[in-house]
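A.B. asks: As input, take final08.cif (mmCIF, C-alpha atoms):
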```cif
data_structure
loop_
_atom_site.group_PDB
_atom_site.id
_atom_site.type_symbol
_atom_site.label_atom_id
_atom_site.label_comp_id
_atom_site.auth_asym_id
_atom_site.auth_seq_id
_atom_site.Cartn_x
_atom_site.Cartn_y
_atom_site.Cartn_z
ATOM 1 C CA MET A 1 47.602 -51.090 14.257
ATOM 2 C CA LYS A 2 45.613 -52.629 11.434
ATOM 3 C CA ARG A 3 41.861 -52.074 11.194
ATOM 4 C CA HIS A 4 39.427 -54.462 9.686
ATOM 5 C CA PRO A 5 37.739 -53.017 6.546
ATOM 6 C CA LEU A 6 34.333 -54.137 7.792
ATOM 7 C CA THR A 7 34.768 -52.221 11.046
ATOM 8 C CA LEU A 8 35.852 -49.123 9.143
ATOM 9 C CA SER A 9 32.855 -49.160 6.815
ATOM 10 C CA ALA A 10 30.486 -49.794 9.726
ATOM 11 C CA THR A 11 31.962 -46.830 11.562
ATOM 12 C CA LEU A 12 31.592 -44.594 8.523
ATOM 13 C CA THR A 13 27.988 -45.697 7.976
ATOM 14 C CA ALA A 14 27.154 -44.993 11.589
ATOM 15 C CA ALA A 15 28.753 -41.551 11.321
ATOM 16 C CA LEU A 16 26.763 -40.737 8.196
ATOM 17 C CA LEU A 17 23.519 -41.809 9.815
ATOM 18 C CA ALA A 18 24.284 -39.691 12.867
ATOM 19 C CA LEU A 19 25.016 -36.648 10.706
ATOM 20 C CA ALA A 20 21.820 -37.170 8.716
ATOM 21 C CA GLY A 21 19.908 -36.407 11.878
ATOM 22 C CA CYS A 22 21.319 -32.896 11.824
ATOM 23 C CA GLY A 23 19.759 -32.183 8.444
ATOM 24 C CA GLU A 24 16.452 -30.390 7.969
ATOM 25 C CA SER A 25 14.024 -30.660 5.126
ATOM 26 C CA PRO A 26 12.753 -27.396 3.583
ATOM 27 C CA GLN A 27 9.673 -26.038 5.332
ATOM 28 C CA THR A 28 8.968 -23.116 3.023
ATOM 29 C CA ILE A 29 5.282 -22.716 2.179
ATOM 30 C CA SER A 30 5.733 -20.278 -0.649
ATOM 31 C CA SER A 31 8.865 -19.642 -2.607
ATOM 32 C CA GLY A 32 8.980 -16.898 -5.139
ATOM 33 C CA ARG A 33 6.372 -14.533 -6.404
ATOM 34 C CA ILE A 34 2.667 -15.152 -6.027
ATOM 35 C CA SER A 35 0.866 -14.854 -9.334
ATOM 36 C CA ASP A 36 -1.863 -12.281 -9.731
ATOM 37 C CA ALA A 37 -3.935 -11.072 -12.669
ATOM 38 C CA LYS A 38 -3.020 -7.728 -14.207
ATOM 39 C CA PRO A 39 -5.417 -4.903 -13.405
ATOM 40 C CA TRP A 40 -5.749 -3.951 -17.075
ATOM 41 C CA GLU A 41 -7.284 -7.357 -17.714
ATOM 42 C CA GLY A 42 -10.404 -5.976 -16.047
ATOM 43 C CA ALA A 43 -12.727 -7.271 -13.378
ATOM 44 C CA GLY A 44 -14.907 -9.367 -15.661
ATOM 45 C CA SER A 45 -17.355 -8.454 -18.373
ATOM 46 C CA ALA A 46 -20.300 -8.529 -15.970
ATOM 47 C CA ASP A 47 -18.815 -5.901 -13.691
ATOM 48 C CA PRO A 48 -21.317 -3.021 -13.627
ATOM 49 C CA TYR A 49 -18.920 -0.742 -11.769
ATOM 50 C CA ALA A 50 -16.115 -0.635 -14.320
ATOM 51 C CA ALA A 51 -15.241 2.911 -15.303
ATOM 52 C CA ALA A 52 -16.182 3.984 -18.792
ATOM 53 C CA GLY A 53 -13.550 5.075 -21.268
ATOM 54 C CA TRP A 54 -11.393 2.001 -21.511
ATOM 55 C CA LYS A 55 -11.745 -1.614 -22.562
ATOM 56 C CA ALA A 56 -10.688 -4.568 -20.405
ATOM 57 C CA GLY A 57 -7.621 -6.259 -21.819
ATOM 58 C CA ASP A 58 -6.213 -3.101 -23.371
ATOM 59 C CA ALA A 59 -3.172 -2.214 -21.281
ATOM 60 C CA GLU A 60 -2.593 1.121 -23.027
ATOM 61 C CA ALA A 61 -6.185 2.208 -22.488
ATOM 62 C CA TRP A 62 -6.022 1.213 -18.826
ATOM 63 C CA HIS A 63 -2.824 3.159 -18.258
ATOM 64 C CA SER A 64 -4.347 6.169 -19.990
ATOM 65 C CA GLN A 65 -7.511 5.885 -17.890
ATOM 66 C CA ILE A 66 -5.611 5.626 -14.607
ATOM 67 C CA ARG A 67 -3.269 8.444 -15.571
ATOM 68 C CA SER A 68 -6.169 10.770 -16.349
ATOM 69 C CA ARG A 69 -7.700 9.952 -12.969
ATOM 70 C CA MET A 70 -4.404 10.696 -11.249
ATOM 71 C CA LEU A 71 -4.062 14.046 -12.985
ATOM 72 C CA ASN A 72 -7.694 14.842 -12.223
ATOM 73 C CA GLN A 73 -6.743 15.040 -8.541
ATOM 74 C CA ASN A 74 -4.938 18.279 -9.326
ATOM 75 C CA GLU A 75 -7.695 20.864 -9.118
ATOM 76 C CA TYR A 76 -5.308 23.575 -10.314
ATOM 77 C CA SER A 77 -5.658 22.067 -13.742
ATOM 78 C CA ARG A 78 -9.449 21.801 -13.419
ATOM 79 C CA SER A 79 -10.598 25.168 -12.126
ATOM 80 C CA ALA A 80 -9.766 28.770 -12.750
ATOM 81 C CA GLY A 81 -10.020 29.633 -9.076
ATOM 82 C CA ARG A 82 -6.822 28.580 -7.399
ATOM 83 C CA ALA A 83 -7.557 27.849 -3.801
ATOM 84 C CA PRO A 84 -4.391 27.003 -1.931
ATOM 85 C CA MET B 1 6.184 1.796 -14.848
ATOM 86 C CA ALA B 2 3.944 3.255 -12.227
ATOM 87 C CA ARG B 3 4.825 3.114 -8.548
ATOM 88 C CA MET B 4 1.543 3.540 -6.736
ATOM 89 C CA LYS B 5 1.836 5.715 -3.636
ATOM 90 C CA PHE B 6 -0.300 7.720 -1.253
ATOM 91 C CA ILE B 7 0.536 11.152 0.049
ATOM 92 C CA CYS B 8 -1.537 13.224 2.456
ATOM 93 C CA ASP B 9 -1.424 17.000 2.419
ATOM 94 C CA SER B 10 -1.512 17.952 6.097
ATOM 95 C CA GLU B 11 -2.440 21.542 5.217
ATOM 96 C CA ARG B 12 -5.669 20.317 3.676
ATOM 97 C CA CYS B 13 -6.703 17.362 5.814
ATOM 98 C CA ILE B 14 -9.638 18.395 8.001
ATOM 99 C CA GLU B 15 -9.857 15.139 9.958
ATOM 100 C CA CYS B 16 -13.282 14.341 8.559
ATOM 101 C CA ASN B 17 -12.473 10.613 8.438
ATOM 102 C CA GLY B 18 -14.228 10.376 5.091
ATOM 103 C CA CYS B 19 -11.355 8.290 3.732
ATOM 104 C CA VAL B 20 -11.696 5.854 6.630
ATOM 105 C CA THR B 21 -15.420 5.553 6.073
ATOM 106 C CA ALA B 22 -15.038 5.157 2.316
ATOM 107 C CA CYS B 23 -12.504 2.368 2.804
ATOM 108 C CA LYS B 24 -14.612 0.490 5.295
ATOM 109 C CA ALA B 25 -17.731 0.793 3.177
ATOM 110 C CA GLU B 26 -16.041 -0.043 -0.131
ATOM 111 C CA HIS B 27 -14.370 -3.196 1.131
ATOM 112 C CA ASP B 28 -16.852 -4.284 3.766
ATOM 113 C CA VAL B 29 -14.047 -4.207 6.309
ATOM 114 C CA PRO B 30 -15.011 -5.988 9.549
ATOM 115 C CA TRP B 31 -15.513 -4.224 12.851
ATOM 116 C CA GLY B 32 -12.248 -3.571 14.641
ATOM 117 C CA VAL B 33 -10.131 -3.492 11.506
ATOM 118 C CA ASN B 34 -9.057 -0.122 10.148
ATOM 119 C CA ARG B 35 -7.118 -0.303 6.927
ATOM 120 C CA ARG B 36 -6.922 3.477 6.983
ATOM 121 C CA ARG B 37 -7.091 5.941 9.842
ATOM 122 C CA VAL B 38 -6.565 9.635 10.447
ATOM 123 C CA VAL B 39 -3.807 10.608 12.860
ATOM 124 C CA THR B 40 -3.839 14.082 14.409
ATOM 125 C CA LEU B 41 -0.639 15.617 15.708
ATOM 126 C CA ASN B 42 -0.947 18.079 18.612
ATOM 127 C CA ASP B 43 -4.658 17.411 18.863
ATOM 128 C CA GLY B 44 -6.483 20.338 20.433
ATOM 129 C CA VAL B 45 -3.534 22.680 20.156
ATOM 130 C CA PRO B 46 -3.857 25.588 17.722
ATOM 131 C CA GLY B 47 -2.147 24.603 14.504
ATOM 132 C CA GLU B 48 -2.846 20.891 14.879
ATOM 133 C CA LYS B 49 -2.187 18.784 11.787
ATOM 134 C CA SER B 50 -3.918 15.647 10.595
ATOM 135 C CA ILE B 51 -2.763 13.037 8.134
ATOM 136 C CA SER B 52 -4.492 9.992 6.754
ATOM 137 C CA VAL B 53 -2.383 6.867 7.150
ATOM 138 C CA ALA B 54 -2.600 3.399 5.645
ATOM 139 C CA CYS B 55 -0.206 0.998 3.958
ATOM 140 C CA MET B 56 2.300 3.135 2.062
ATOM 141 C CA HIS B 57 3.168 0.327 -0.359
ATOM 142 C CA CYS B 58 6.855 0.701 0.388
ATOM 143 C CA SER B 59 9.360 0.101 -2.369
ATOM 144 C CA ASP B 60 11.450 -1.923 0.084
ATOM 145 C CA ALA B 61 8.689 -3.148 2.352
ATOM 146 C CA PRO B 62 9.744 -4.324 5.843
ATOM 147 C CA CYS B 63 6.644 -6.536 6.079
ATOM 148 C CA MET B 64 7.818 -8.481 3.035
ATOM 149 C CA ALA B 65 11.274 -8.830 4.541
ATOM 150 C CA VAL B 66 10.139 -10.317 7.852
ATOM 151 C CA CYS B 67 7.231 -12.512 6.748
ATOM 152 C CA PRO B 68 8.237 -16.080 7.665
ATOM 153 C CA VAL B 69 5.899 -17.659 5.110
ATOM 154 C CA ASP B 70 6.602 -15.200 2.275
ATOM 155 C CA CYS B 71 2.940 -14.320 1.749
ATOM 156 C CA PHE B 72 3.631 -10.836 0.346
ATOM 157 C CA TYR B 73 4.157 -9.899 -3.257
ATOM 158 C CA ARG B 74 4.467 -6.708 -5.256
ATOM 159 C CA THR B 75 2.509 -6.074 -8.441
ATOM 160 C CA ASP B 76 3.890 -4.424 -11.562
ATOM 161 C CA GLU B 77 2.226 -1.208 -10.385
ATOM 162 C CA GLY B 78 4.259 -1.270 -7.163
ATOM 163 C CA VAL B 79 1.335 -2.266 -4.947
ATOM 164 C CA VAL B 80 2.287 -4.476 -1.978
ATOM 165 C CA LEU B 81 -0.284 -7.239 -1.570
ATOM 166 C CA HIS B 82 -0.468 -10.472 0.381
ATOM 167 C CA ASP B 83 -2.017 -13.901 0.077
ATOM 168 C CA LYS B 84 -4.342 -14.670 2.976
ATOM 169 C CA ASP B 85 -4.258 -18.367 2.108
ATOM 170 C CA VAL B 86 -0.556 -18.369 2.979
ATOM 171 C CA CYS B 87 -0.621 -15.922 5.924
ATOM 172 C CA ILE B 88 -0.408 -17.627 9.331
ATOM 173 C CA GLY B 89 -1.331 -14.532 11.355
ATOM 174 C CA CYS B 90 1.934 -14.414 13.289
ATOM 175 C CA GLY B 91 2.020 -10.611 13.479
ATOM 176 C CA TYR B 92 5.665 -10.110 12.498
ATOM 177 C CA CYS B 93 4.593 -7.684 9.765
ATOM 178 C CA SER B 94 2.727 -5.648 12.357
ATOM 179 C CA TYR B 95 5.912 -5.148 14.380
ATOM 180 C CA ALA B 96 7.978 -4.400 11.292
ATOM 181 C CA CYS B 97 5.640 -1.854 9.692
ATOM 182 C CA PRO B 98 6.451 1.749 10.718
ATOM 183 C CA PHE B 99 2.921 2.878 9.781
ATOM 184 C CA GLY B 100 0.877 0.304 11.700
ATOM 185 C CA ALA B 101 -0.737 -0.821 8.474
ATOM 186 C CA PRO B 102 -1.202 -4.560 9.165
ATOM 187 C CA GLN B 103 -4.456 -5.200 10.991
ATOM 188 C CA PHE B 104 -5.657 -8.364 12.673
ATOM 189 C CA PRO B 105 -9.318 -9.238 13.110
ATOM 190 C CA SER B 106 -10.178 -10.417 16.605
ATOM 191 C CA ASN B 107 -12.508 -13.217 15.595
ATOM 192 C CA GLY B 108 -10.654 -15.018 12.819
ATOM 193 C CA THR B 109 -9.555 -18.560 12.188
ATOM 194 C CA PHE B 110 -6.794 -18.389 14.742
ATOM 195 C CA GLY B 111 -8.912 -17.065 17.567
ATOM 196 C CA LEU B 112 -7.643 -13.807 18.964
ATOM 197 C CA ARG B 113 -5.358 -13.024 16.060
ATOM 198 C CA GLY B 114 -6.719 -13.801 12.616
ATOM 199 C CA LYS B 115 -5.052 -13.493 9.253
ATOM 200 C CA MET B 116 -3.544 -10.138 8.499
ATOM 201 C CA ASP B 117 -5.614 -7.531 6.692
ATOM 202 C CA LYS B 118 -4.322 -4.299 5.219
ATOM 203 C CA CYS B 119 -4.851 -1.663 2.567
ATOM 204 C CA THR B 120 -4.637 -3.180 -0.901
ATOM 205 C CA PHE B 121 -4.561 0.132 -2.796
ATOM 206 C CA CYS B 122 -7.964 -1.155 -3.921
ATOM 207 C CA ALA B 123 -6.166 -3.797 -5.981
ATOM 208 C CA GLY B 124 -7.675 -6.937 -4.441
ATOM 209 C CA GLY B 125 -5.518 -10.016 -4.067
ATOM 210 C CA PRO B 126 -4.270 -13.075 -5.924
ATOM 211 C CA GLU B 127 -7.786 -14.365 -6.645
ATOM 212 C CA ALA B 128 -9.411 -13.617 -10.001
ATOM 213 C CA ASN B 129 -10.097 -9.911 -10.524
ATOM 214 C CA GLY B 130 -13.573 -8.947 -9.394
ATOM 215 C CA SER B 131 -14.423 -12.439 -8.115
ATOM 216 C CA ALA B 132 -16.514 -13.117 -5.036
ATOM 217 C CA ALA B 133 -13.544 -14.850 -3.402
ATOM 218 C CA GLU B 134 -11.398 -11.779 -3.932
ATOM 219 C CA PHE B 135 -14.035 -9.477 -2.472
ATOM 220 C CA GLU B 136 -14.552 -11.694 0.560
ATOM 221 C CA LYS B 137 -10.851 -11.736 1.427
ATOM 222 C CA TYR B 138 -9.535 -8.398 0.188
ATOM 223 C CA GLY B 139 -12.462 -6.230 -0.850
ATOM 224 C CA ARG B 140 -13.146 -4.491 -4.137
ATOM 225 C CA ASN B 141 -10.587 -4.388 -6.937
ATOM 226 C CA ARG B 142 -11.017 -0.816 -8.165
ATOM 227 C CA LEU B 143 -7.779 -0.782 -10.122
ATOM 228 C CA ALA B 144 -9.193 -3.549 -12.326
ATOM 229 C CA GLU B 145 -12.242 -1.316 -12.831
ATOM 230 C CA GLY B 146 -10.071 1.517 -14.080
ATOM 231 C CA LYS B 147 -10.341 3.523 -10.868
ATOM 232 C CA LEU B 148 -8.030 4.772 -8.164
ATOM 233 C CA PRO B 149 -8.471 3.918 -4.460
ATOM 234 C CA ALA B 150 -11.805 5.029 -3.007
ATOM 235 C CA CYS B 151 -10.197 6.957 -0.138
ATOM 236 C CA ALA B 152 -8.221 9.230 -2.449
ATOM 237 C CA GLU B 153 -10.928 9.656 -5.068
ATOM 238 C CA MET B 154 -13.570 10.740 -2.586
ATOM 239 C CA CYS B 155 -11.395 12.981 -0.394
ATOM 240 C CA SER B 156 -13.399 16.202 -0.259
ATOM 241 C CA THR B 157 -10.431 18.533 0.144
ATOM 242 C CA LYS B 158 -8.154 16.442 -2.066
ATOM 243 C CA ALA B 159 -5.759 16.201 0.850
ATOM 244 C CA LEU B 160 -5.214 12.525 0.195
ATOM 245 C CA LEU B 161 -3.668 11.836 -3.175
ATOM 246 C CA GLY B 162 -3.163 8.369 -4.634
ATOM 247 C CA GLY B 163 -1.460 7.237 -7.775
ATOM 248 C CA ASP B 164 1.923 7.100 -9.427
ATOM 249 C CA GLY B 165 4.548 8.533 -7.097
ATOM 250 C CA ASP B 166 5.838 11.000 -9.668
ATOM 251 C CA ILE B 167 2.396 12.390 -10.448
ATOM 252 C CA VAL B 168 1.139 12.783 -6.867
ATOM 253 C CA ALA B 169 4.481 14.291 -5.867
ATOM 254 C CA ASP B 170 4.136 16.808 -8.692
ATOM 255 C CA ILE B 171 0.632 17.764 -7.548
ATOM 256 C CA PHE B 172 1.801 18.174 -3.956
ATOM 257 C CA ARG B 173 4.868 20.148 -4.992
ATOM 258 C CA THR B 174 2.736 22.506 -7.099
ATOM 259 C CA ARG B 175 0.513 23.209 -4.090
ATOM 260 C CA VAL B 176 3.448 23.867 -1.802
ATOM 261 C CA ILE B 177 4.948 26.313 -4.272
ATOM 262 C CA GLN B 178 1.603 28.070 -4.812
ATOM 263 C CA ARG B 179 0.857 28.603 -1.145
ATOM 264 C CA GLY B 180 4.452 28.881 0.023
ATOM 265 C CA LYS B 181 4.136 26.418 2.902
ATOM 266 C CA GLY B 182 3.053 22.937 3.793
ATOM 267 C CA SER B 183 6.085 20.759 3.268
ATOM 268 C CA GLU B 184 6.973 20.774 6.950
ATOM 269 C CA VAL B 185 5.270 17.538 7.978
ATOM 270 C CA TRP B 186 6.746 15.632 5.097
ATOM 271 C CA GLY B 187 8.121 16.470 1.740
ATOM 272 C CA TRP B 188 11.177 18.456 0.790
ATOM 273 C CA GLY B 189 11.797 20.046 4.173
ATOM 274 C CA THR B 190 11.548 16.774 6.063
ATOM 275 C CA ALA B 191 13.552 14.740 3.608
ATOM 276 C CA TYR B 192 16.310 17.193 2.817
ATOM 277 C CA GLY B 193 16.278 19.669 5.699
ATOM 278 C CA LYS B 194 15.237 23.284 5.818
ATOM 279 C CA PRO B 195 17.299 26.011 4.182
ATOM 280 C CA ALA B 196 19.634 27.963 6.444
ATOM 281 C CA GLY B 197 18.458 31.325 7.765
ATOM 282 C CA GLY B 198 14.965 30.211 8.754
ATOM 283 C CA ALA B 199 13.519 30.538 5.278
ATOM 284 C CA THR B 200 10.606 28.339 4.305
ATOM 285 C CA ALA B 201 11.372 25.143 2.466
ATOM 286 C CA ALA B 202 9.246 26.065 -0.487
ATOM 287 C CA PRO B 203 9.976 29.198 -2.475
ATOM 288 C CA ALA B 204 7.418 31.891 -1.729
ATOM 289 C CA LYS B 205 5.341 33.251 -4.552
ATOM 290 C CA GLU B 206 6.385 36.730 -5.581
ATOM 291 C CA PRO B 207 3.595 39.314 -5.537
ATOM 292 C CA GLY B 208 2.459 40.547 -8.882
ATOM 293 C CA LYS B 209 3.501 37.378 -10.674
ATOM 294 C CA SER B 210 1.069 34.711 -11.705
#
```
Do you think you could lay out the structure here as structure tokens?

C.D. replies:
Amino acid sequence: MKRHPLTLSATLTAALLALAGCGESPQTISSGRISDAKPWEGAGSADPYAAAGWKAGDAEAWHSQIRSRMLNQNEYSRSAGRAP
Amino acid sequence: MARMKFICDSERCIECNGCVTACKAEHDVPWGVNRRRVVTLNDGVPGEKSISVACMHCSDAPCMAVCPVDCFYRTDEGVVLHDKDVCIGCGYCSYACPFGAPQFPSNGTFGLRGKMDKCTFCAGGPEANGSAAEFEKYGRNRLAEGKLPACAEMCSTKALLGGDGDIVADIFRTRVIQRGKGSEVWGWGTAYGKPAGGATAAPAKEPGKS
């Protein structure tokens, strides 16, 4: 049986259109990491609550400041009396 | 690189709720939302233990895994934060979190269930550090002020420790070794099991040795 080329192409087009209905466009609101400022950049020059001892923008100073605060939670290193 | 964590020493926590109050006051947290709370085990029974619980800033956070709109992100310091502009308030994170950290205000944009709110390790959110927009949505950004979270810094008995996981674990381990107990709720004994023969998990201090 011989098919007409026009009928064949029309059939293929119809099939493609039908399959296109199965597709779905991306609905993702956020893809990838959300950007955020680094904490060592500081909270603004006008911030009256910034801890003394480090300068905003200096990553090394910030790390040093935070590390000293972490270690300061260990009262064994702060007092002679060693309460358990 | 720091991995910011909390740990609560159950031997020291006196259930004063000072950490809860400090958090609410510092961040102006609305009524009905508790970013931090104190849980007491065997309440009223002699030997009861209390621990302060909030977001634990998991290294492999389940809330991040289940969020359908991908509103969570992790900072270089290991703090798990989220973007309230992206959050749709679906509550999946609440079901996924083993600590009950995600909170939902009852009078938000979406009616009965508003956008999720949780502990930020006092690190704010994606808005500019220290900005009014950041404070309104997430509260104070103490990390950007060179400080640790308010709850840990004001804890009167230093039961609640916050900071790099290695450092706070070292502090806790030192205490356990000094007093010879206290790792039963969590710590070595819980994670790796107790030694055979009924011995305590932490080595007891020998008398006469300092």

A.B. asks: Hey, what's within 7 Å of region 49-57 of chain B if we count all atoms listed in the file and toss same-chain stuff fewer than 2 positions away? As a PyMOL selection string, please?

C.D. replies: chain B and resi 5-6+8+10+13-15+35-42+47+59+79-80+99+101+118-119

A.B. asks: Could you list, as a PDB file with C-alpha atoms, in the frame of the given file, every residue matched by the PyMOL selection byres ((chain B) within 6 of (chain A)) in this structure?

C.D. replies:
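Saved result, out-v2.pdb, follows:
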```pdb
ATOM      1  CA  VAL B  69       5.899 -17.659   5.110  1.00  0.00           C
ATOM      2  CA  ASP B  70       6.602 -15.200   2.275  1.00  0.00           C
ATOM      3  CA  PRO B 126      -4.270 -13.075  -5.924  1.00  0.00           C
ATOM      4  CA  ASN B 129     -10.097  -9.911 -10.524  1.00  0.00           C
ATOM      5  CA  GLY B 130     -13.573  -8.947  -9.394  1.00  0.00           C
ATOM      6  CA  LEU B 143      -7.779  -0.782 -10.122  1.00  0.00           C
ATOM      7  CA  ALA B 144      -9.193  -3.549 -12.326  1.00  0.00           C
ATOM      8  CA  GLU B 145     -12.242  -1.316 -12.831  1.00  0.00           C
ATOM      9  CA  GLY B 146     -10.071   1.517 -14.080  1.00  0.00           C
ATOM     10  CA  GLY B 163      -1.460   7.237  -7.775  1.00  0.00           C
ATOM     11  CA  ILE B 171       0.632  17.764  -7.548  1.00  0.00           C
ATOM     12  CA  ARG B 179       0.857  28.603  -1.145  1.00  0.00           C
TER      13      ARG B 179
END
```

A.B. asks: How big is the axis-aligned box, and where does its centre sit, when it encloses all atoms of region 8-27 of chain A listed in the file and has 3 Å added on every side, reported in Å to one decimal as lines of an AutoDock Vina configuration file?

C.D. replies:
```
center_x = 22.8
center_y = -37.9
center_z = 8.2
size_x = 32.2
size_y = 29.8
size_z = 15.3
```

A.B. asks: Just give me the gap between CA of Pro149 (chain B) and CA of Tyr92 (chain B) in Å, one decimal is fine.

C.D. replies: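 Computing the Euclidean distance for CA of Pro149 (chain B) and CA of Tyr92 (chain B) yields 26.2 Å.
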
A.B. asks: In Å to one decimal, how far is CA of Glu77 (chain B) from CA of Cys16 (chain B)?

C.D. replies: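 We find that CA of Cys16 (chain B) and CA of Glu77 (chain B) lie 29.0 Å from each other.
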
A.B. asks: Can you tell me how far CA of Pro68 (chain B) sits from CA of Pro98 (chain B), in Å to one decimal?

C.D. replies: 18.2 Å

A.B. asks: I need the residue nearest Met116 (chain B) from this list: B:Arg175, B:His82, B:Arg12, B:Lys147. Use all atoms listed in the file for the distance.

C.D. replies: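 Of B:Arg175, B:His82, B:Arg12, B:Lys147, the one nearest Met116 (chain B), counting all atoms listed in the file, is B:His82.
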
A.B. asks: Would you please work out which residue, of B:Ala159, B:Cys122, B:Cys87, B:Val176, is nearest to Arg142 (chain B) when using all atoms listed in the file?

C.D. replies: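 Using all atoms listed in the file, Arg142 (chain B) sits closest to B:Cys122.
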
A.B. asks: Name the residues that the PyMOL selection byres ((chain B and resi 96) around 8) pulls out of this structure, and write them as JSON, numbers by chain.

C.D. replies: {"B": [62, 63, 66, 92, 93, 94, 95, 97, 98]}

A.B. asks: Output the residue selection produced by the PyMOL selection byres ((chain B and resi 140) around 8) on the file above, formatted as an MDAnalysis selection string.

C.D. replies: chainID B and resid 26:27 122:124 130 134:135 138:139 141:142

A.B. asks: Could you please fill out region 59-73 of chain B with N, CA and C atoms and send it back as a compact mmCIF listing (two decimals), keeping the file's coordinate frame?

C.D. replies:
```
# COMPACT_ATOMS: atom_id res chain seq x y z
N SER B 59 8.55 0.70 -1.31
CA SER B 59 9.36 0.10 -2.37
C SER B 59 10.24 -1.02 -1.82
N ASP B 60 10.67 -0.87 -0.58
CA ASP B 60 11.45 -1.92 0.08
C ASP B 60 10.72 -2.25 1.38
N ALA B 61 9.63 -2.99 1.25
CA ALA B 61 8.69 -3.15 2.35
C ALA B 61 9.25 -4.03 3.46
N PRO B 62 9.27 -3.51 4.71
CA PRO B 62 9.74 -4.32 5.84
C PRO B 62 8.86 -5.54 6.11
N CYS B 63 7.55 -5.40 5.85
CA CYS B 63 6.64 -6.54 6.08
C CYS B 63 7.03 -7.72 5.19
N MET B 64 7.40 -7.42 3.96
CA MET B 64 7.82 -8.48 3.04
C MET B 64 9.09 -9.14 3.54
N ALA B 65 9.97 -8.32 4.12
CA ALA B 65 11.27 -8.83 4.54
C ALA B 65 11.15 -9.79 5.73
N VAL B 66 10.19 -9.52 6.63
CA VAL B 66 10.14 -10.32 7.85
C VAL B 66 9.14 -11.46 7.80
N CYS B 67 8.28 -11.48 6.79
CA CYS B 67 7.23 -12.51 6.75
C CYS B 67 7.86 -13.91 6.68
N PRO B 68 7.59 -14.76 7.66
CA PRO B 68 8.24 -16.08 7.66
C PRO B 68 7.68 -17.04 6.62
N VAL B 69 6.47 -16.75 6.10
CA VAL B 69 5.90 -17.66 5.11
C VAL B 69 5.86 -17.02 3.72
N ASP B 70 6.46 -15.84 3.58
CA ASP B 70 6.60 -15.20 2.28
C ASP B 70 5.24 -15.02 1.59
N CYS B 71 4.28 -14.45 2.32
CA CYS B 71 2.94 -14.32 1.75
C CYS B 71 2.76 -13.01 0.99
N PHE B 72 3.76 -12.13 1.03
CA PHE B 72 3.63 -10.84 0.35
C PHE B 72 4.15 -10.92 -1.08
N TYR B 73 3.62 -10.06 -1.90
CA TYR B 73 4.16 -9.90 -3.26
C TYR B 73 3.89 -8.48 -3.71
```
